[in-house]
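K.L.:
Next up, structure-v8.txt (compact mmCIF, C-alpha atoms and all ligand atoms).
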# COMPACT_ATOMS: atom_id res chain seq x y z
CA MET A 1 68.26 -133.95 132.42
CA GLN A 2 68.35 -130.15 132.28
CA LYS A 3 72.13 -130.21 132.68
CA PHE A 4 72.32 -132.66 129.78
CA SER A 5 70.27 -130.29 127.58
CA TRP A 6 72.67 -127.45 128.31
CA ILE A 7 75.62 -129.61 127.39
CA LEU A 8 73.85 -130.56 124.16
CA VAL A 9 73.05 -126.93 123.35
CA THR A 10 76.65 -125.92 124.01
CA VAL A 11 78.07 -128.73 121.90
CA LEU A 12 75.66 -128.00 119.04
CA GLY A 13 76.33 -124.27 119.27
CA LEU A 14 80.08 -124.83 119.22
CA SER A 15 80.00 -127.20 116.26
CA THR A 16 77.76 -124.81 114.30
CA GLY A 17 80.21 -122.02 115.08
CA ILE A 18 83.20 -124.09 114.00
CA MET A 19 81.44 -125.10 110.77
CA ALA A 20 80.51 -121.48 110.01
CA TYR A 21 84.10 -120.43 110.69
CA LYS A 22 85.45 -123.20 108.47
CA PHE A 23 83.10 -122.15 105.69
CA ILE A 24 84.31 -118.54 105.90
CA LEU A 25 87.92 -119.74 105.79
CA SER A 26 87.63 -122.36 103.09
CA GLY A 27 84.50 -121.26 101.18
CA ASN A 28 82.72 -123.81 99.00
CA ALA A 29 85.80 -125.77 97.95
CA GLU A 30 87.35 -129.23 97.89
CA LYS A 31 90.70 -130.81 96.95
CA SER A 32 90.94 -131.89 93.33
CA ALA A 33 92.95 -134.59 91.56
CA ASP A 34 95.61 -132.17 90.27
CA GLY A 35 96.39 -131.02 93.82
CA ARG A 36 94.68 -127.66 93.52
CA VAL A 37 91.70 -126.53 95.57
CA ALA A 38 88.57 -126.66 93.43
CA ILE A 39 86.13 -123.86 94.25
CA GLN A 40 82.58 -125.07 93.53
CA LEU A 41 80.46 -122.54 91.64
CA THR A 42 77.34 -122.42 89.50
CA PRO A 43 78.01 -122.11 85.73
CA GLU A 44 76.94 -118.42 85.85
CA GLU A 45 79.25 -117.62 88.76
CA ARG A 46 82.15 -119.35 87.04
CA ASP A 47 81.49 -117.41 83.83
CA LEU A 48 81.44 -114.15 85.78
CA VAL A 49 84.80 -114.78 87.49
CA LEU A 50 86.41 -116.06 84.28
CA HIS A 51 85.21 -112.93 82.50
CA GLU A 52 86.91 -110.88 85.22
CA MET A 53 90.07 -112.94 84.63
CA ARG A 54 90.09 -112.20 80.92
CA THR A 55 89.69 -108.51 81.75
CA PHE A 56 92.78 -108.83 83.98
CA LEU A 57 94.77 -110.25 81.06
CA ASP A 58 93.46 -107.58 78.70
CA SER A 59 94.62 -104.87 81.14
CA VAL A 60 98.05 -106.47 81.54
CA GLN A 61 98.42 -106.42 77.74
CA GLN A 62 97.37 -102.76 77.49
CA ILE A 63 99.60 -101.67 80.37
CA THR A 64 102.62 -103.34 78.73
CA GLN A 65 101.76 -101.73 75.40
CA GLY A 66 101.26 -98.36 77.12
CA VAL A 67 104.72 -98.50 78.71
CA ALA A 68 106.31 -99.56 75.39
CA ASN A 69 104.65 -96.55 73.68
CA ASN A 70 105.46 -94.18 76.56
CA ASP A 71 101.70 -93.65 76.84
CA PHE A 72 101.19 -93.62 80.60
CA ASN A 73 97.64 -92.34 80.39
CA ALA A 74 96.69 -95.41 78.37
CA ALA A 75 98.50 -97.64 80.92
CA ALA A 76 96.73 -95.93 83.82
CA LYS A 77 93.35 -96.18 82.11
CA ALA A 78 93.82 -99.91 81.52
CA ALA A 79 94.90 -100.46 85.13
CA ARG A 80 91.87 -98.59 86.50
CA ILE A 81 89.49 -100.92 84.63
CA VAL A 82 90.64 -103.69 86.99
CA GLY A 83 91.33 -101.45 89.98
CA ARG A 84 89.60 -101.46 93.33
CA ALA A 85 86.34 -100.12 91.89
CA ALA A 86 86.01 -103.19 89.64
CA GLN A 87 85.20 -105.34 92.65
CA GLN A 88 81.79 -103.81 93.13
CA GLY A 89 78.86 -105.76 91.74
CA MET A 90 80.08 -109.23 92.69
CA PRO A 91 77.03 -111.10 94.05
CA GLY A 92 77.19 -111.88 97.79
CA THR A 93 76.37 -115.55 97.20
CA LEU A 94 79.46 -115.86 94.99
CA ILE A 95 81.70 -114.01 97.44
CA GLY A 96 80.54 -116.38 100.20
CA LYS A 97 81.77 -119.39 98.22
CA LEU A 98 85.30 -118.03 97.77
CA PRO A 99 87.92 -119.05 100.36
CA LEU A 100 89.22 -116.19 102.51
CA GLU A 101 92.74 -116.52 101.09
CA PHE A 102 91.36 -116.28 97.54
CA LYS A 103 89.47 -113.09 98.42
CA LYS A 104 92.56 -111.57 100.02
CA MET A 105 94.68 -112.27 96.94
CA GLY A 106 91.94 -110.94 94.65
CA PHE A 107 91.51 -107.77 96.71
CA ASP A 108 95.27 -107.22 96.85
CA THR A 109 95.53 -107.62 93.05
CA HIS A 110 92.82 -105.00 92.43
CA SER A 111 94.53 -102.66 94.92
CA GLN A 112 97.89 -103.04 93.21
CA PHE A 113 96.33 -102.14 89.85
CA THR A 114 94.88 -98.96 91.41
CA GLN A 115 98.30 -98.02 92.81
CA LEU A 116 99.93 -98.75 89.44
CA ALA A 117 97.41 -96.42 87.75
CA LEU A 118 98.13 -93.57 90.19
CA ASP A 119 101.91 -93.91 89.86
CA ALA A 120 101.86 -94.31 86.07
CA GLU A 121 99.94 -91.04 85.78
CA GLN A 122 101.98 -89.11 88.31
CA LEU A 123 105.48 -90.42 87.66
CA GLY A 124 105.44 -91.65 84.06
CA ASP A 125 108.32 -93.98 84.86
CA GLY A 126 108.28 -97.13 82.70
CA THR A 127 110.69 -99.09 84.88
CA GLN A 128 108.56 -98.38 87.92
CA THR A 129 105.35 -99.43 86.14
CA LEU A 130 106.94 -102.67 84.89
CA GLU A 131 108.25 -103.41 88.39
CA GLN A 132 104.76 -102.95 89.80
CA LEU A 133 103.31 -105.11 87.05
CA GLY A 134 105.90 -107.82 87.76
CA THR A 135 105.01 -107.77 91.44
CA LEU A 136 101.26 -107.95 90.94
CA LEU A 137 101.64 -110.73 88.35
CA GLN A 138 103.03 -112.83 91.20
CA ASN A 139 99.48 -112.82 92.63
CA CYS A 140 98.11 -114.19 89.34
CA VAL A 141 100.73 -116.95 89.33
CA ALA A 142 100.25 -117.81 93.01
CA CYS A 143 96.47 -117.94 92.88
CA HIS A 144 96.41 -120.06 89.70
CA ALA A 145 98.80 -122.52 91.33
CA ILE A 146 96.46 -123.01 94.31
CA TYR A 147 92.90 -122.74 92.94
CA LYS A 148 90.67 -123.83 90.10
CA PHE A 149 86.93 -123.63 89.48
CA GLU A 150 84.50 -126.50 89.16
CA ILE A 151 80.75 -126.64 88.65
CA GLU A 152 78.84 -127.52 91.83
CA LYS A 153 77.45 -131.07 91.81
CA SER A 154 73.90 -129.79 92.27
CA ASN A 155 74.32 -127.86 89.00
CA GLN A 156 75.71 -130.66 86.86
C1 LIG B 201 92.52 -114.82 93.69
C2 LIG B 201 92.85 -115.77 92.68
C3 LIG B 201 93.25 -115.34 91.30
C4 LIG B 201 93.97 -114.22 90.95
C5 LIG B 201 94.61 -113.18 91.85
C6 LIG B 201 94.05 -114.24 89.52
N1 LIG B 201 93.39 -115.33 89.02
FE1 LIG B 201 93.12 -115.74 87.03
N2 LIG B 201 92.06 -117.41 87.52
C7 LIG B 201 91.85 -117.87 88.80
C8 LIG B 201 91.21 -119.16 88.74
C9 LIG B 201 90.82 -120.01 89.94
C10 LIG B 201 91.01 -119.46 87.37
C11 LIG B 201 90.38 -120.72 86.78
C12 LIG B 201 91.47 -121.76 86.63
C13 LIG B 201 90.91 -123.15 86.39
O1 LIG B 201 89.71 -123.41 86.66
O2 LIG B 201 91.72 -124.02 85.96
C14 LIG B 201 91.56 -118.34 86.63
C15 LIG B 201 91.54 -118.22 85.25
C16 LIG B 201 92.15 -117.22 84.53
C17 LIG B 201 92.12 -117.08 83.09
C18 LIG B 201 91.37 -118.00 82.14
C19 LIG B 201 90.05 -117.34 81.78
C20 LIG B 201 89.11 -118.22 80.97
O3 LIG B 201 88.24 -117.67 80.28
O4 LIG B 201 89.22 -119.47 81.02
C21 LIG B 201 92.87 -116.00 82.78
C22 LIG B 201 93.17 -115.45 81.39
C23 LIG B 201 93.37 -115.43 84.03
N3 LIG B 201 92.89 -116.19 85.08
C24 LIG B 201 94.17 -114.31 84.11
C25 LIG B 201 94.60 -113.74 85.30
C26 LIG B 201 95.53 -112.62 85.38
C27 LIG B 201 96.19 -111.93 84.22
C28 LIG B 201 95.66 -112.34 86.72
C29 LIG B 201 96.48 -111.28 87.38
C30 LIG B 201 96.46 -109.94 86.91
C31 LIG B 201 94.82 -113.29 87.43
N4 LIG B 201 94.21 -114.11 86.55
C32 LIG B 201 94.70 -113.27 88.80
C33 LIG B 201 92.20 -117.23 89.96
C34 LIG B 201 92.91 -116.04 90.07
Go ahead and render the structure in this file as structure tokens.

P.N.:
Amino acid sequence: MQKFSWILVTVLGLSTGIMAYKFILSGNAEKSADGRVAIQLTPEERDLVLHEMRTFLDSVQQITQGVANNDFNAAAKAARIVGRAAQQGMPGTLIGKLPLEFKKMGFDTHSQFTQLALDAEQLGDGTQTLEQLGTLLQNCVACHAIYKFEIEKSNQ
């Protein structure tokens, strides 16, 4: 009987561990009809991330304009707005719902904007800035191809 309890405890412990691990990997997400992975968020969380997305686009526009005008300070300033520091202030509950791969791509995108800002200021080389922008835009394209947001069922 005691042996049986230990087996039960081990099996339960293992399955809890596997479920926790799966949640960290895949976040709060499910497959959707269009083939993308639908991350399930509350309306407020979705608004927050979409606001961040529009800020991304705004920065991309300003960086492009900055390079066209040879104004590398303006380009750097726009890039910093969405640089590494911009990630602070994301609620932990929201971060927990994002799949690991999503977080990695998001973090990498912010980091690349920070690097672009530093180089734009120091080098003032338009070709270099546009190359960096082209590279980081691949993250935008890749992430949009894989993920979308949906409102959690409990919030509908
Ligand atoms: C880590 C993933 C990820 C990265 C990186 C990413 N996005 Fe997004 N973005 C999303 C998702 C998911 C949506 C919602 C798409 C949907 O629900 O159909 C979105 C939506 C958007 C929207 C629509 C906003 C709205 O109000 O509806 C814009 C604009 C956008 N992204 C711009 C960008 C730009 C520009 C970049 C790169 C500089 C970028 N995103 C990088 C995941 C990402």

K.L.:
Under the rule that all atoms listed in the file are counted, which of A:Ala68, A:Ala29, A:Leu116, A:Leu41 is the nearest residue to A:Leu100?

P.N.:
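So, comparing all the options, the nearest one is A:Ala29.
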
K.L.:
Edge lengths and centre in Å to one decimal, as lines of an AutoDock Vina configuration file, is what I'm after for the box along x, y and z that holds all listed atoms of ligand LIG 201 (chain B) once 4 Å is added on each side.

P.N.:
center_x = 92.4
center_y = -117.0
center_z = 87.0
size_x = 16.2
size_y = 22.1
size_z = 21.4

K.L.:
Give me the chain A side of the contact with ligand LIG 201 (chain B), cut-off 9 Å, one line per residue showing its nearest atom pair and distance in Å at one decimal, counting all atoms listed in the file, sorted by chain and residue number, as a Markdown table.

P.N.:
| residue | atom | partner | partner_atom | distance |
| --- | --- | --- | --- | --- |
| A:Arg36 | CA | B:LIG201 | O2 | 8.9 |
| A:Val37 | CA | B:LIG201 | C9 | 8.7 |
| A:Ala38 | CA | B:LIG201 | O1 | 7.6 |
| A:Ile39 | CA | B:LIG201 | C9 | 7.4 |
| A:Arg46 | CA | B:LIG201 | C11 | 8.3 |
| A:Asp47 | CA | B:LIG201 | O3 | 7.6 |
| A:Val49 | CA | B:LIG201 | C14 | 7.7 |
| A:Leu50 | CA | B:LIG201 | C19 | 4.6 |
| A:His51 | CA | B:LIG201 | O3 | 6.0 |
| A:Glu52 | CA | B:LIG201 | C19 | 8.0 |
| A:Met53 | CA | B:LIG201 | C23 | 4.2 |
| A:Arg54 | CA | B:LIG201 | C22 | 4.5 |
| A:Thr55 | CA | B:LIG201 | C24 | 7.7 |
| A:Phe56 | CA | B:LIG201 | C27 | 4.6 |
| A:Leu57 | CA | B:LIG201 | C27 | 3.9 |
| A:Asp58 | CA | B:LIG201 | C27 | 7.5 |
| A:Ser59 | CA | B:LIG201 | C27 | 7.9 |
| A:Val60 | CA | B:LIG201 | C27 | 6.4 |
| A:Gln61 | CA | B:LIG201 | C27 | 8.8 |
| A:Val82 | CA | B:LIG201 | C30 | 8.5 |
| A:Leu98 | CA | B:LIG201 | C1 | 8.9 |
| A:Glu101 | CA | B:LIG201 | C1 | 7.6 |
| A:Phe102 | CA | B:LIG201 | C1 | 4.3 |
| A:Lys103 | CA | B:LIG201 | C1 | 5.9 |
| A:Lys104 | CA | B:LIG201 | C1 | 7.1 |
| A:Met105 | CA | B:LIG201 | C1 | 4.7 |
| A:Gly106 | CA | B:LIG201 | C1 | 4.0 |
| A:Phe107 | CA | B:LIG201 | C1 | 7.7 |
| A:Asp108 | CA | B:LIG201 | C5 | 7.8 |
| A:Thr109 | CA | B:LIG201 | C5 | 5.8 |
| A:His110 | CA | B:LIG201 | C30 | 8.3 |
| A:Phe113 | CA | B:LIG201 | C30 | 8.3 |
| A:Leu133 | CA | B:LIG201 | C30 | 8.4 |
| A:Leu136 | CA | B:LIG201 | C30 | 6.6 |
| A:Leu137 | CA | B:LIG201 | C29 | 5.3 |
| A:Gln138 | CA | B:LIG201 | C29 | 7.7 |
| A:Asn139 | CA | B:LIG201 | C5 | 4.9 |
| A:Cys140 | CA | B:LIG201 | C32 | 3.6 |
| A:Val141 | CA | B:LIG201 | C32 | 7.1 |
| A:Ala142 | CA | B:LIG201 | C5 | 7.4 |
| A:Cys143 | CA | B:LIG201 | C2 | 4.2 |
| A:His144 | CA | B:LIG201 | C33 | 5.1 |
| A:Ala145 | CA | B:LIG201 | C9 | 8.5 |
| A:Ile146 | CA | B:LIG201 | C9 | 7.7 |
| A:Tyr147 | CA | B:LIG201 | C9 | 4.6 |
| A:Lys148 | CA | B:LIG201 | O1 | 3.6 |
| A:Phe149 | CA | B:LIG201 | O1 | 4.0 |
| A:Glu150 | CA | B:LIG201 | O1 | 6.6 |

K.L.:
A:Val67, A:Gln62, A:Pro43, A:Leu94: which is nearest A:Ile81, counting all atoms listed in the file?

P.N.:
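Using all atoms listed in the file, the shortest distance to A:Ile81 belongs to A:Gln62.
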
K.L.:
Can you pull out every residue within 12 Å of A:Gln115, counting only C-alpha atoms, but drop anything in the same chain fewer than 2 positions away, and send it as a list of chain:residue names?

P.N.:
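Answer for this query is A:Ala75, A:Ala76, A:Lys77, A:Ala79, A:Arg80, A:Val82, A:Gly83, A:Arg84, A:Asp108, A:Thr109, A:His110, A:Ser111, A:Gln112, A:Phe113, A:Ala117, A:Leu118, A:Asp119, A:Ala120, A:Glu121, A:Gln122, A:Leu123, A:Gln128, A:Thr129, A:Gln132, A:Leu133, A:Thr135, A:Leu136.
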
K.L.:
Could you jot down the atom CA of A:Lys97 to atom CA of A:Glu30 separation for me, Å, one decimal place?

P.N.:
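Rounded to one decimal, the two atoms are 11.3 Å apart.
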
K.L.:
Just give me the gap between atom CA of A:Thr16 and atom CA of A:Pro99 in Å, one decimal is fine.

P.N.:
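These atoms are spaced 18.2 Å apart.
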
K.L.:
Have a look at A:Gly35, A:Gly66, A:Gly13, A:Gly27 and name the one nearest to A:Gly124; count only C-alpha atoms.

P.N.:
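Closest residue, counting only C-alpha atoms: A:Gly66.
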
K.L.:
Find the residue from A:Asn70, A:Thr42, A:Thr114, A:Gln65 that sits nearest to A:Ala86; use only C-alpha atoms when measuring.

P.N.:
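When distances to A:Ala86 are compared using only C-alpha atoms, the smallest one comes from A:Thr114.
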
K.L.:
Please report the interatomic distance between atom CA of A:Met19 and atom CA of A:Gly96 in Å with one decimal.

P.N.:
13.7 Å
